[in-house]
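S.K.: Pasting final.csv here (CSV, C-alpha atoms and all ligand atoms):
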```csv
chain,number,residue,atom,x,y,z
A,119,MET,CA,77.8,-47.6,330.9
A,120,LYS,CA,79.6,-44.6,332.4
A,121,SER,CA,79.4,-42.6,329.2
A,122,ILE,CA,75.6,-43.2,329.0
A,123,LEU,CA,75.2,-42.2,332.6
A,124,CYS,CA,77.1,-39.0,332.2
A,125,SER,CA,75.5,-38.0,329.0
A,126,ALA,CA,73.6,-34.7,328.9
A,127,ASP,CA,71.2,-36.4,326.5
A,128,HIS,CA,68.3,-36.7,328.8
A,129,SER,CA,66.1,-38.8,326.5
A,130,ALA,CA,68.7,-41.6,326.4
A,131,LEU,CA,68.8,-41.5,330.2
A,132,THR,CA,65.1,-41.5,330.5
A,133,GLN,CA,64.8,-44.7,328.5
A,134,TYR,CA,67.6,-46.4,330.3
A,135,PHE,CA,66.3,-45.7,333.8
A,136,SER,CA,62.5,-46.0,333.2
A,137,TYR,CA,62.7,-49.8,333.6
A,138,ASP,CA,64.4,-49.6,336.9
A,139,THR,CA,62.2,-47.0,338.4
A,140,MET,CA,59.2,-49.3,337.9
A,141,ASP,CA,60.6,-51.2,340.9
A,142,ARG,CA,62.5,-48.6,342.9
A,143,ARG,CA,61.6,-45.0,343.8
A,144,LEU,CA,63.4,-42.2,342.0
A,145,VAL,CA,65.0,-39.7,344.3
A,146,VAL,CA,66.1,-36.5,342.5
A,147,ILE,CA,68.9,-34.5,344.3
A,148,PHE,CA,69.6,-30.9,343.5
A,149,THR,CA,73.1,-29.5,344.1
A,150,ALA,CA,74.3,-33.1,344.1
A,151,THR,CA,78.0,-32.1,344.0
A,152,GLY,CA,77.6,-29.8,347.1
A,153,ASN,CA,78.1,-30.2,350.8
A,154,GLN,CA,74.5,-31.4,351.2
A,155,GLY,CA,73.6,-33.2,348.0
A,156,TYR,CA,76.7,-35.2,347.5
A,157,PRO,CA,76.6,-37.2,350.8
A,158,ILE,CA,72.9,-37.7,350.4
A,159,ALA,CA,73.4,-39.1,346.9
A,160,LYS,CA,76.3,-41.3,348.0
A,161,TYR,CA,74.3,-42.7,350.9
A,162,PHE,CA,71.4,-43.7,348.6
A,163,LEU,CA,73.9,-45.2,346.1
A,164,GLN,CA,75.9,-47.2,348.7
A,165,ASP,CA,73.7,-48.2,351.6
A,166,PRO,CA,72.5,-51.7,350.8
A,167,ILE,CA,69.0,-51.2,352.1
A,168,ALA,CA,68.5,-47.6,350.7
A,169,LYS,CA,69.9,-48.7,347.3
A,170,SER,CA,67.4,-51.5,347.1
A,171,HIS,CA,64.6,-49.0,347.5
A,172,TYR,CA,65.8,-46.0,345.5
A,173,VAL,CA,67.5,-44.9,342.3
A,174,VAL,CA,69.3,-41.6,342.3
A,175,ARG,CA,69.2,-38.8,339.8
A,176,ALA,CA,72.0,-36.4,340.7
A,177,LEU,CA,71.9,-32.9,339.3
A,178,THR,CA,74.8,-30.7,338.4
A,179,ARG,CA,75.7,-28.0,335.9
A,180,ASP,CA,78.7,-30.0,334.8
A,181,VAL,CA,78.3,-33.8,334.4
A,182,THR,CA,82.1,-34.1,333.7
A,183,LYS,CA,83.3,-32.8,337.1
A,184,PRO,CA,85.1,-35.3,339.3
A,185,LEU,CA,82.3,-35.6,341.9
A,186,ALA,CA,79.7,-36.0,339.2
A,187,LEU,CA,81.8,-38.8,337.6
A,188,GLU,CA,82.2,-40.4,341.0
A,189,LEU,CA,78.4,-40.5,341.5
A,190,ALA,CA,77.9,-41.8,338.0
A,191,ALA,CA,80.4,-44.6,338.7
A,192,LEU,CA,78.4,-45.5,341.8
A,193,GLY,CA,75.3,-45.9,339.7
A,194,ALA,CA,73.7,-42.5,339.7
A,195,GLU,CA,71.9,-41.0,336.7
A,196,VAL,CA,73.8,-37.8,336.5
A,197,VAL,CA,71.9,-35.1,334.7
A,198,LYS,CA,72.9,-31.6,333.7
A,199,CYS,CA,70.7,-29.1,335.4
A,200,ASP,CA,71.3,-25.4,335.6
A,201,LEU,CA,68.9,-23.8,338.1
A,202,ASP,CA,68.8,-20.7,335.9
A,203,SER,CA,67.2,-22.8,333.1
A,204,GLU,CA,63.5,-23.6,333.5
A,205,GLN,CA,63.8,-26.2,330.8
A,206,ASP,CA,66.6,-28.0,332.6
A,207,VAL,CA,64.8,-28.0,335.9
A,208,ASN,CA,61.5,-29.2,334.4
A,209,SER,CA,63.2,-32.2,332.7
A,210,ALA,CA,65.4,-32.9,335.7
A,211,VAL,CA,62.5,-33.7,338.0
A,212,ALA,CA,60.6,-35.8,335.5
A,213,ARG,CA,59.0,-38.9,337.2
A,214,ALA,CA,60.5,-38.2,340.6
A,215,HIS,CA,59.0,-39.8,343.6
A,216,ALA,CA,61.1,-37.8,346.0
A,217,ILE,CA,63.1,-34.6,345.6
A,218,TYR,CA,65.8,-33.0,347.7
A,219,ALA,CA,65.6,-29.3,346.9
A,220,ASN,CA,68.5,-27.0,347.6
A,221,THR,CA,69.7,-23.7,346.2
A,222,ASP,CA,73.0,-22.0,346.7
A,223,PHE,CA,72.7,-18.4,347.9
A,224,TRP,CA,76.5,-18.1,347.8
A,225,SER,CA,76.5,-18.6,344.0
A,226,VAL,CA,74.0,-15.8,343.4
A,227,TYR,CA,74.5,-13.4,346.3
A,228,THR,CA,70.9,-12.0,346.1
A,229,VAL,CA,67.6,-13.0,347.6
A,230,GLU,CA,65.9,-12.5,344.2
A,231,GLY,CA,68.4,-14.8,342.5
A,232,GLU,CA,68.1,-17.6,345.0
A,233,VAL,CA,64.3,-17.2,345.0
A,234,ALA,CA,64.1,-17.3,341.2
A,235,GLN,CA,66.1,-20.6,341.2
A,236,GLY,CA,64.1,-22.1,344.1
A,237,ARG,CA,60.8,-21.1,342.5
A,238,ARG,CA,61.8,-23.0,339.3
A,239,ILE,CA,62.2,-26.1,341.5
A,240,LEU,CA,58.8,-25.6,343.2
A,241,SER,CA,57.0,-24.9,340.0
A,242,ALA,CA,58.4,-28.0,338.3
A,243,ALA,CA,57.8,-30.2,341.3
A,244,SER,CA,54.3,-29.0,341.7
A,245,THR,CA,53.3,-30.5,338.4
A,246,LEU,CA,54.6,-34.0,339.1
A,247,PRO,CA,51.9,-36.7,339.4
A,248,THR,CA,54.5,-39.2,340.7
A,249,LEU,CA,55.9,-37.0,343.6
A,250,GLU,CA,55.4,-38.4,347.1
A,251,VAL,CA,57.7,-36.3,349.2
A,252,PHE,CA,59.5,-33.0,348.7
A,253,ILE,CA,62.4,-32.2,351.1
A,254,GLN,CA,63.4,-28.5,351.2
A,255,SER,CA,66.7,-27.4,352.6
A,256,SER,CA,65.6,-24.4,354.6
A,257,PHE,CA,66.4,-22.1,357.5
A,258,PRO,CA,64.6,-20.5,360.5
A,259,ASN,CA,63.0,-17.1,359.9
A,260,ALA,CA,65.5,-14.5,361.0
A,261,VAL,CA,63.1,-11.6,360.7
A,262,GLU,CA,60.5,-13.3,363.0
A,263,LEU,CA,63.0,-14.6,365.4
A,264,SER,CA,64.4,-11.2,366.0
A,265,ASN,CA,61.1,-9.4,366.0
A,266,GLY,CA,62.1,-7.5,362.9
A,267,GLN,CA,65.5,-6.5,364.1
A,268,PHE,CA,67.5,-8.6,361.7
A,269,LYS,CA,66.0,-8.1,358.2
A,270,ASN,CA,69.2,-8.7,356.2
A,271,VAL,CA,70.1,-12.4,356.8
A,272,LEU,CA,69.6,-12.8,353.1
A,273,HIS,CA,70.2,-16.5,352.7
A,274,TYR,CA,67.7,-17.1,355.5
A,275,ASN,CA,65.2,-14.7,353.9
A,276,ALA,CA,65.4,-16.3,350.5
A,277,LYS,CA,64.6,-19.8,351.9
A,278,ASN,CA,61.7,-18.4,353.9
A,279,GLU,CA,60.3,-16.6,350.9
A,280,LEU,CA,60.4,-19.9,349.0
A,281,ASN,CA,58.4,-21.5,351.8
A,282,GLU,CA,55.8,-18.7,351.5
A,283,ILE,CA,55.6,-19.2,347.8
A,284,SER,CA,55.1,-22.9,348.2
A,285,LYS,CA,52.4,-22.4,350.9
A,286,THR,CA,50.5,-19.9,348.9
A,287,GLN,CA,51.1,-20.8,345.3
A,288,PHE,CA,51.7,-24.6,345.4
A,289,PRO,CA,49.7,-25.8,348.4
A,290,THR,CA,49.5,-29.4,347.1
A,291,LEU,CA,53.3,-29.5,347.0
A,292,TRP,CA,53.6,-27.7,350.4
A,293,ASN,CA,51.4,-30.5,351.9
A,294,LYS,CA,54.2,-33.0,350.8
A,295,THR,CA,57.0,-30.8,352.0
A,296,ILE,CA,59.4,-31.4,354.8
A,297,CYS,CA,61.8,-28.6,355.6
A,298,ILE,CA,65.2,-29.4,356.9
A,299,TRP,CA,67.3,-26.8,358.8
A,300,VAL,CA,70.9,-27.9,358.3
A,301,GLY,CA,73.1,-26.5,361.1
A,302,TYR,CA,76.4,-24.7,360.6
A,303,TYR,CA,78.8,-27.0,358.8
A,304,TYR,CA,81.9,-28.0,360.8
A,305,SER,CA,83.8,-27.2,357.6
A,306,ASN,CA,82.9,-23.5,357.8
A,307,TRP,CA,86.0,-22.8,359.9
A,308,ILE,CA,88.1,-24.0,357.0
A,309,LYS,CA,86.0,-23.0,353.9
A,310,PHE,CA,84.8,-19.7,355.3
A,311,ASN,CA,87.7,-19.1,357.6
A,312,TYR,CA,87.7,-15.3,357.5
A,313,PRO,CA,84.1,-14.7,358.6
A,314,PHE,CA,83.7,-17.7,360.8
A,315,GLY,CA,86.9,-19.4,361.8
A,316,PRO,CA,90.0,-18.7,364.0
A,317,GLN,CA,92.7,-16.5,362.3
A,318,LYS,CA,96.4,-17.2,362.7
A,319,ASP,CA,98.3,-14.4,364.6
A,320,SER,CA,102.0,-15.1,363.9
A,321,SER,CA,103.1,-12.1,366.0
A,322,THR,CA,103.2,-14.4,369.0
A,323,SER,CA,105.5,-17.4,369.4
A,324,PRO,CA,104.1,-19.9,369.0
A,325,PRO,CA,101.3,-18.4,366.8
A,326,THR,CA,97.9,-17.8,368.4
A,327,TYR,CA,94.6,-18.7,366.7
A,328,VAL,CA,92.2,-15.9,367.3
A,329,LEU,CA,88.4,-16.4,367.1
A,330,ALA,CA,87.0,-12.9,366.9
A,331,LYS,CA,83.2,-12.7,367.0
A,332,PRO,CA,80.6,-10.1,367.8
A,333,TYR,CA,79.2,-12.1,370.8
A,334,PRO,CA,80.5,-13.6,374.0
A,335,SER,CA,82.3,-17.0,373.9
A,336,SER,CA,79.5,-18.5,375.9
A,337,THR,CA,77.2,-18.2,372.7
A,338,ILE,CA,76.0,-21.6,371.4
A,339,PHE,CA,77.0,-22.2,367.8
A,340,ALA,CA,74.9,-25.3,366.8
A,341,SER,CA,76.8,-27.3,364.2
A,342,VAL,CA,76.9,-30.5,362.2
A,343,ASN,CA,78.7,-32.5,359.5
A,344,PRO,CA,76.5,-32.5,356.4
A,345,ASP,CA,78.1,-35.8,355.5
A,346,ASP,CA,75.6,-37.3,358.0
A,347,LEU,CA,72.6,-36.1,356.0
A,348,GLY,CA,72.1,-39.4,354.1
A,349,PRO,CA,70.6,-41.5,357.0
A,350,ALA,CA,68.4,-38.5,357.9
A,351,ILE,CA,67.0,-38.1,354.5
A,352,ASN,CA,66.4,-41.8,354.2
A,353,ALA,CA,64.5,-41.8,357.5
A,354,LEU,CA,62.4,-38.8,356.3
A,355,LEU,CA,61.6,-40.5,353.0
A,356,LYS,CA,60.3,-43.5,354.9
A,357,SER,CA,58.3,-41.5,357.4
A,358,GLY,CA,55.1,-41.1,355.3
A,359,THR,CA,53.2,-37.9,356.2
A,360,THR,CA,54.5,-37.6,359.8
A,361,TYR,CA,56.9,-34.7,359.2
A,362,MET,CA,55.2,-33.0,356.2
A,363,ARG,CA,54.8,-29.2,356.8
A,364,LYS,CA,57.2,-29.5,359.7
A,365,ASN,CA,60.9,-28.4,360.2
A,366,ILE,CA,63.6,-30.8,361.0
A,367,SER,CA,66.6,-29.3,362.8
A,368,PHE,CA,69.6,-31.2,361.7
A,369,LEU,CA,72.2,-30.6,364.5
A,370,ALA,CA,74.9,-32.8,366.0
A,371,GLU,CA,76.5,-30.4,368.5
A,372,GLU,CA,75.2,-27.5,370.5
A,373,GLN,CA,78.5,-26.2,371.9
A,374,THR,CA,79.6,-22.7,372.8
A,375,ASP,CA,82.3,-21.1,370.7
A,376,ALA,CA,84.6,-21.4,373.8
A,377,GLU,CA,84.1,-25.2,373.8
A,378,ARG,CA,84.6,-25.5,370.1
A,379,LEU,CA,87.8,-23.4,370.3
A,380,GLU,CA,89.1,-25.4,373.2
A,381,ILE,CA,88.6,-28.7,371.3
A,382,PHE,CA,90.3,-27.1,368.2
A,383,GLY,CA,93.3,-26.0,370.3
A,384,THR,CA,93.8,-29.1,372.3
A,385,THR,CA,93.2,-31.5,369.4
A,386,LEU,CA,95.6,-29.7,367.1
A,387,GLY,CA,98.0,-28.6,369.8
A,388,VAL,CA,97.8,-24.9,369.1
A,389,ARG,CA,97.3,-21.8,371.2
A,390,THR,CA,93.9,-20.2,370.9
A,391,ILE,CA,92.1,-17.2,372.2
A,392,PHE,CA,88.5,-15.9,371.8
A,393,GLN,CA,88.0,-12.2,371.4
A,394,GLU,CA,84.6,-10.6,371.7
A,395,ILE,CA,84.5,-7.6,369.3
A,396,GLU,CA,81.9,-5.0,368.6
A,397,PRO,CA,79.6,-5.7,365.7
A,398,GLU,CA,80.9,-2.5,364.0
A,399,GLU,CA,84.5,-3.8,364.3
A,400,TYR,CA,83.5,-7.2,362.9
A,401,SER,CA,81.7,-5.6,359.9
A,402,LYS,CA,84.7,-3.4,359.3
A,403,LYS,CA,87.0,-6.4,359.1
A,404,MET,CA,84.7,-8.1,356.7
A,405,ALA,CA,84.5,-5.0,354.5
A,406,GLU,CA,88.3,-4.6,354.5
A,407,ALA,CA,88.5,-8.2,353.3
A,408,GLY,CA,86.5,-7.1,350.2
A,409,MET,CA,83.1,-8.4,351.1
A,410,PRO,CA,80.3,-6.4,349.4
A,411,PRO,CA,78.3,-4.3,351.8
A,412,HIS,CA,75.1,-6.3,351.6
A,413,ILE,CA,77.1,-9.5,352.5
A,414,VAL,CA,78.9,-7.7,355.3
A,415,GLN,CA,75.5,-6.8,356.7
A,416,ASN,CA,74.2,-10.4,356.1
A,417,VAL,CA,77.0,-12.2,358.0
A,418,THR,CA,77.0,-9.6,360.8
A,419,GLU,CA,73.3,-9.9,361.4
A,420,GLN,CA,73.5,-13.7,361.2
A,421,LEU,CA,76.1,-13.7,364.0
A,422,LEU,CA,74.1,-11.2,366.0
A,423,LEU,CA,71.1,-13.5,365.6
A,424,ILE,CA,73.2,-16.3,367.0
A,425,ARG,CA,74.0,-14.2,369.9
A,426,THR,CA,70.3,-14.0,370.8
A,427,GLY,CA,70.1,-17.8,371.5
A,428,ASN,CA,70.4,-21.2,370.1
A,429,TYR,CA,67.6,-20.6,367.6
A,430,MET,CA,68.3,-23.7,365.5
A,431,ALA,CA,67.1,-25.8,368.5
A,432,GLN,CA,63.9,-23.8,369.3
A,433,LYS,CA,61.2,-25.8,371.1
A,434,ARG,CA,58.1,-25.7,369.0
A,435,ASP,CA,55.6,-28.3,367.9
A,436,ASP,CA,56.5,-27.9,364.2
A,437,ILE,CA,60.3,-28.3,364.9
A,438,ILE,CA,61.7,-31.8,365.3
A,439,PRO,CA,65.3,-32.4,366.3
A,440,ILE,CA,66.9,-35.0,364.1
A,441,ARG,CA,67.9,-37.0,367.2
A,442,ASP,CA,64.2,-37.7,367.9
A,443,ILE,CA,64.0,-39.3,364.4
A,444,LEU,CA,67.4,-41.1,364.5
A,445,PRO,CA,68.0,-41.8,368.2
A,446,GLU,CA,70.5,-44.6,367.5
A,447,TYR,CA,72.6,-42.8,364.9
A,448,ARG,CA,76.0,-41.7,365.9
A,449,PHE,CA,76.6,-38.3,364.4
A,450,LYS,CA,80.2,-37.2,363.8
A,451,SER,CA,81.3,-35.0,366.7
A,452,TRP,CA,83.2,-31.7,366.3
A,453,GLN,CA,86.2,-33.3,368.1
A,454,GLU,CA,86.3,-36.2,365.5
A,455,TYR,CA,86.0,-33.7,362.7
A,456,VAL,CA,88.8,-31.5,364.0
A,457,LYS,CA,91.0,-34.6,364.3
A,458,GLU,CA,90.3,-35.8,360.8
A,459,ALA,CA,90.0,-32.6,358.7
A,460,ASP,CA,92.8,-31.0,356.6
A,461,TRP,CA,93.5,-27.7,358.4
A,462,SER,CA,96.6,-27.0,356.3
A,463,SER,CA,95.0,-24.0,354.6
A,464,ILE,CA,94.7,-22.1,357.9
A,465,LEU,CA,97.5,-23.5,360.1
A,501,LIG,N1,77.6,-23.2,355.3
A,501,LIG,C1,76.7,-23.6,356.1
A,501,LIG,O1,77.0,-23.8,357.3
A,501,LIG,C2,75.3,-23.9,355.7
A,501,LIG,C3,74.4,-24.6,356.5
A,501,LIG,C4,73.1,-24.9,356.1
A,501,LIG,C5,72.7,-24.5,354.8
A,501,LIG,N2,73.6,-23.8,354.0
A,501,LIG,C6,73.1,-23.4,352.7
A,501,LIG,O2,73.5,-24.4,351.8
A,501,LIG,C7,73.4,-23.8,350.5
A,501,LIG,C8,74.5,-24.4,349.6
A,501,LIG,O3,74.4,-25.8,349.6
A,501,LIG,P1,75.7,-26.6,349.7
A,501,LIG,O4,76.5,-26.2,350.9
A,501,LIG,O5,75.3,-28.0,349.7
A,501,LIG,O6,76.5,-26.2,348.4
A,501,LIG,P2,78.1,-26.0,348.1
A,501,LIG,O7,78.8,-27.2,348.7
A,501,LIG,O8,78.4,-24.7,348.4
A,501,LIG,O9,78.1,-26.2,346.5
A,501,LIG,C9,77.3,-25.4,345.7
A,501,LIG,C10,76.3,-26.4,345.0
A,501,LIG,O10,75.3,-25.6,344.3
A,501,LIG,C11,75.3,-26.0,342.9
A,501,LIG,N3,74.9,-24.9,342.1
A,501,LIG,C12,75.3,-23.6,342.2
A,501,LIG,N4,74.8,-22.8,341.3
A,501,LIG,C13,73.9,-23.6,340.6
A,501,LIG,C14,73.1,-23.4,339.4
A,501,LIG,N5,73.0,-22.2,338.9
A,501,LIG,N6,72.4,-24.5,338.9
A,501,LIG,C15,72.6,-25.7,339.5
A,501,LIG,N7,73.4,-26.0,340.6
A,501,LIG,C16,74.0,-25.0,341.1
A,501,LIG,C17,76.7,-26.6,342.6
A,501,LIG,O11,76.5,-27.5,341.6
A,501,LIG,P3,77.5,-27.6,340.3
A,501,LIG,O12,78.6,-26.6,340.4
A,501,LIG,O13,77.9,-29.0,340.3
A,501,LIG,O14,76.6,-27.3,339.2
A,501,LIG,C18,77.0,-27.2,343.9
A,501,LIG,O15,76.5,-28.5,344.0
A,501,LIG,C19,73.4,-22.3,350.6
A,501,LIG,O16,72.2,-21.7,350.1
A,501,LIG,C20,73.5,-22.1,352.1
A,501,LIG,O17,72.8,-21.0,352.6
A,501,LIG,C21,74.8,-23.6,354.4
```
Could you render the structure as structure tokens?
Ligand SMILES: NC(=O)c1ccc[n+]([C@@H]2O[C@H](COP(=O)([O-])OP(=O)(O)OC[C@H]3O[C@@H](n4cnc5c(N)ncnc54)[C@H](OP(=O)(O)O)[C@@H]3O)[C@@H](O)[C@H]2O)c1
M.R.:
Amino acid sequence: MKSILCSADHSALTQYFSYDTMDRRLVVIFTATGNQGYPIAKYFLQDPIAKSHYVVRALTRDVTKPLALELAALGAEVVKCDLDSEQDVNSAVARAHAIYANTDFWSVYTVEGEVAQGRRILSAASTLPTLEVFIQSSFPNAVELSNGQFKNVLHYNAKNELNEISKTQFPTLWNKTICIWVGYYYSNWIKFNYPFGPQKDSSTSPPTYVLAKPYPSSTIFASVNPDDLGPAINALLKSGTTYMRKNISFLAEEQTDAERLEIFGTTLGVRTIFQEIEPEEYSKKMAEAGMPPHIVQNVTEQLLLIRTGNYMAQKRDDIIPIRDILPEYRFKSWQEYVKEADWSSIL
């Protein structure tokens, strides 16, 4: 069975799964090996109620990579899909009832590249007679939020351009779209340690972990563990038209960096310090680490936008906090994450 499931021969897969999808809804998950797609796929494959309602088609460029094999072993239809291939994307969404759409700015590094990939998803999804709901991983609009001051938060711009394309060119699809704003991953302090996390200063004894940011330590850095996305997406798929054309802010913690650093230090038993530095100094550090200039500007403006307020939790009629949808669900806290995570790469 596993070899069939991992095959790139889509016609064989289509035949195999067409029977089952007569009874269960087919949910197609883009970037299924990533921070967002993988836990969503796993939830739909493992939760007893969700799996009785849905079958999962998990998309990846490499159906033989360990996470893809793991999803296949759990029962996913794992299909090769390169977002740079229109043909791949078109056949990947065939017969979908629900789609989780996500694109990875950090694999392409340009707005044009991410928009081209996302547009392929929109275009393919817009032609599907079976599609009931389209969930788009998105972000707030940095240019609007800053009244035009921060025009270079490129990964935000790309997602907002995709929403504009959907609204204007694929209005039927837009009417079925729910946008989800996923907050900053807890794992950013490990995976993107240099721009976002505390740096080890070994010149002190014991070493000090220095969090240097271009804003005061009282700034709220809203965050979440994307591993908790599964129940949220399940709730959205069951919500009918309630959240269509709205934004769901997916946040677990709304802590200041001072609070986050305090938890990090006390939980791991290490000395910490927060340093507010000038934006120019922050940019210089990023450039010295080899970041290309447009990405330096991107991350600097992103942090300066954060300085202006907790924008992921804006109060607006078209923004719904995930806690309003899942009031009973216990999201992983930052403290729990700090306790459980493997910090060996930065300690
Ligand atoms: N870091 C944060 O705090 C945060 C918060 C919210 C949103 N985001 C956004 O999340 C997005 C990335 O999602 P993620 O974190 O879930 O991904 P990720 O863990 O960084 O992994 C990248 C994913 O993208 C897929 N991918 C990359 N290029 C592809 C291509 N050409 N065709 C098909 N798939 C491709 C990879 O699949 P394969 O390698 O298996 O093909 C993999 O699943 C970014 O756009 C970022 O802006 C980040």
S.K.: Figure out the distance between CA of His215 (chain A) and atom O11 of ligand LIG 501 (chain A), please, to one decimal in Å.
M.R.: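 Result for atom O11 of ligand LIG 501 (chain A) versus CA of His215 (chain A): 21.5 Å, one decimal.
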S.K.: Of the candidates A:Pro313, A:Pro258, A:His273, A:Tyr333, which shows the shortest atom-to-atom distance to Gln432 (chain A), using only C-alpha atoms?
M.R.: A:Pro258
S.K.: Nearest to ligand LIG 501 (chain A) among A:Pro439, A:Pro344, A:Pro349, A:Pro289, with distances taken over all atoms listed in the file: which residue is it?
M.R.: A:Pro344
S.K.: Which of these residues is nearest to ligand LIG 501 (chain A), using all atoms listed in the file: A:Thr178, A:Ser284, A:Ser336, A:Ser305?
M.R.: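 Of A:Thr178, A:Ser284, A:Ser336, A:Ser305, the one nearest ligand LIG 501 (chain A), counting all atoms listed in the file, is A:Thr178.
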S.K.: Report as number ranges by chain all protein, DNA and RNA residues lying within 9 Å of Tyr312 (chain A), evaluated on all atoms listed in the file, omitting residues in the same chain fewer than 4 positions from it.
M.R.: A: 307-308, 316-317, 404, 407
S.K.: Within 6 Å of (70.5, -32.9, 342.3) (file coordinates; all atoms listed in the file), which protein or nucleic acid residues are there? I'd like them as number ranges by chain.
M.R.: A: 146-150, 176-177
S.K.: Kindly provide, as a count of residues only, all nucleotide and amino acid residues lying within 9 Å of ligand LIG 501 (chain A), counting only C-alpha atoms and all ligand atoms.
M.R.: 54
S.K.: Just the number, please: distance in Å from CA of Phe288 (chain A) to CA of Leu240 (chain A), one decimal.
M.R.: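 The value is 7.5 Å.
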S.K.: Please compute the CA of Asn343 (chain A)-CA of Gly383 (chain A) distance, one decimal, in Å.
M.R.: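 We find that CA of Asn343 (chain A) and CA of Gly383 (chain A) lie 19.3 Å from each other.
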S.K.: Give as a list in words every residue, naming chains and numbers as the document does, that has an atom within 12 Å of (69.6, -14.0, 370.3), counting only C-alpha atoms.
M.R.: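 Those residues lying close to the given coordinates are Ala260, Val261, Glu262, Leu263, Ser264, Asn265, Gln267, Phe268, Pro332, Tyr333, Pro334, Thr337, Ile338, Phe339, Glu419, Gln420, Leu421, Leu422, Leu423, Ile424, Arg425, Thr426, Gly427, Asn428, Tyr429, Met430 and Gln432 of chain A.
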S.K.: Nearest residue to Phe368 (chain A) out of A:Leu355, A:Ala330, A:Ile391, A:Leu444, using only C-alpha atoms?
M.R.: A:Leu444
S.K.: Of the candidates A:Lys318, A:Lys269, A:Arg363, A:Lys169, which shows the shortest atom-to-atom distance to Ser462 (chain A), using all atoms listed in the file?
M.R.: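 Answer, going by the shortest atom-to-atom distance: A:Lys318.
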S.K.: A:Ile443, A:Ile438, A:Val271, A:Ala212: which is nearest Gln415 (chain A), counting only C-alpha atoms?
M.R.: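 Of all the options, A:Val271 lies closest to Gln415 (chain A).
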S.K.: Give me the residues near Tyr447 (chain A) as a PDB file with C-alpha atoms, in the frame of the given file, where near means some atom within 10 Å (using only C-alpha atoms) and where sequence neighbours in that chain fewer than 6 positions away do not count.
M.R.:
```pdb
ATOM      1  CA  ASP A 346      75.600 -37.300 358.000  1.00  0.00           C
ATOM      2  CA  PRO A 349      70.600 -41.500 357.000  1.00  0.00           C
ATOM      3  CA  ALA A 350      68.400 -38.500 357.900  1.00  0.00           C
ATOM      4  CA  ILE A 440      66.900 -35.000 364.100  1.00  0.00           C
ATOM      5  CA  ARG A 441      67.900 -37.000 367.200  1.00  0.00           C
TER       6      ARG A 441
END
```
S.K.: Show me, as a PyMOL selection string, the residues that have an atom within 9 Å of Gln254 (chain A) when counting all atoms listed in the file, minus same-chain residues fewer than 3 positions from it.
M.R.: chain A and resi 217-220+277+281+295-299
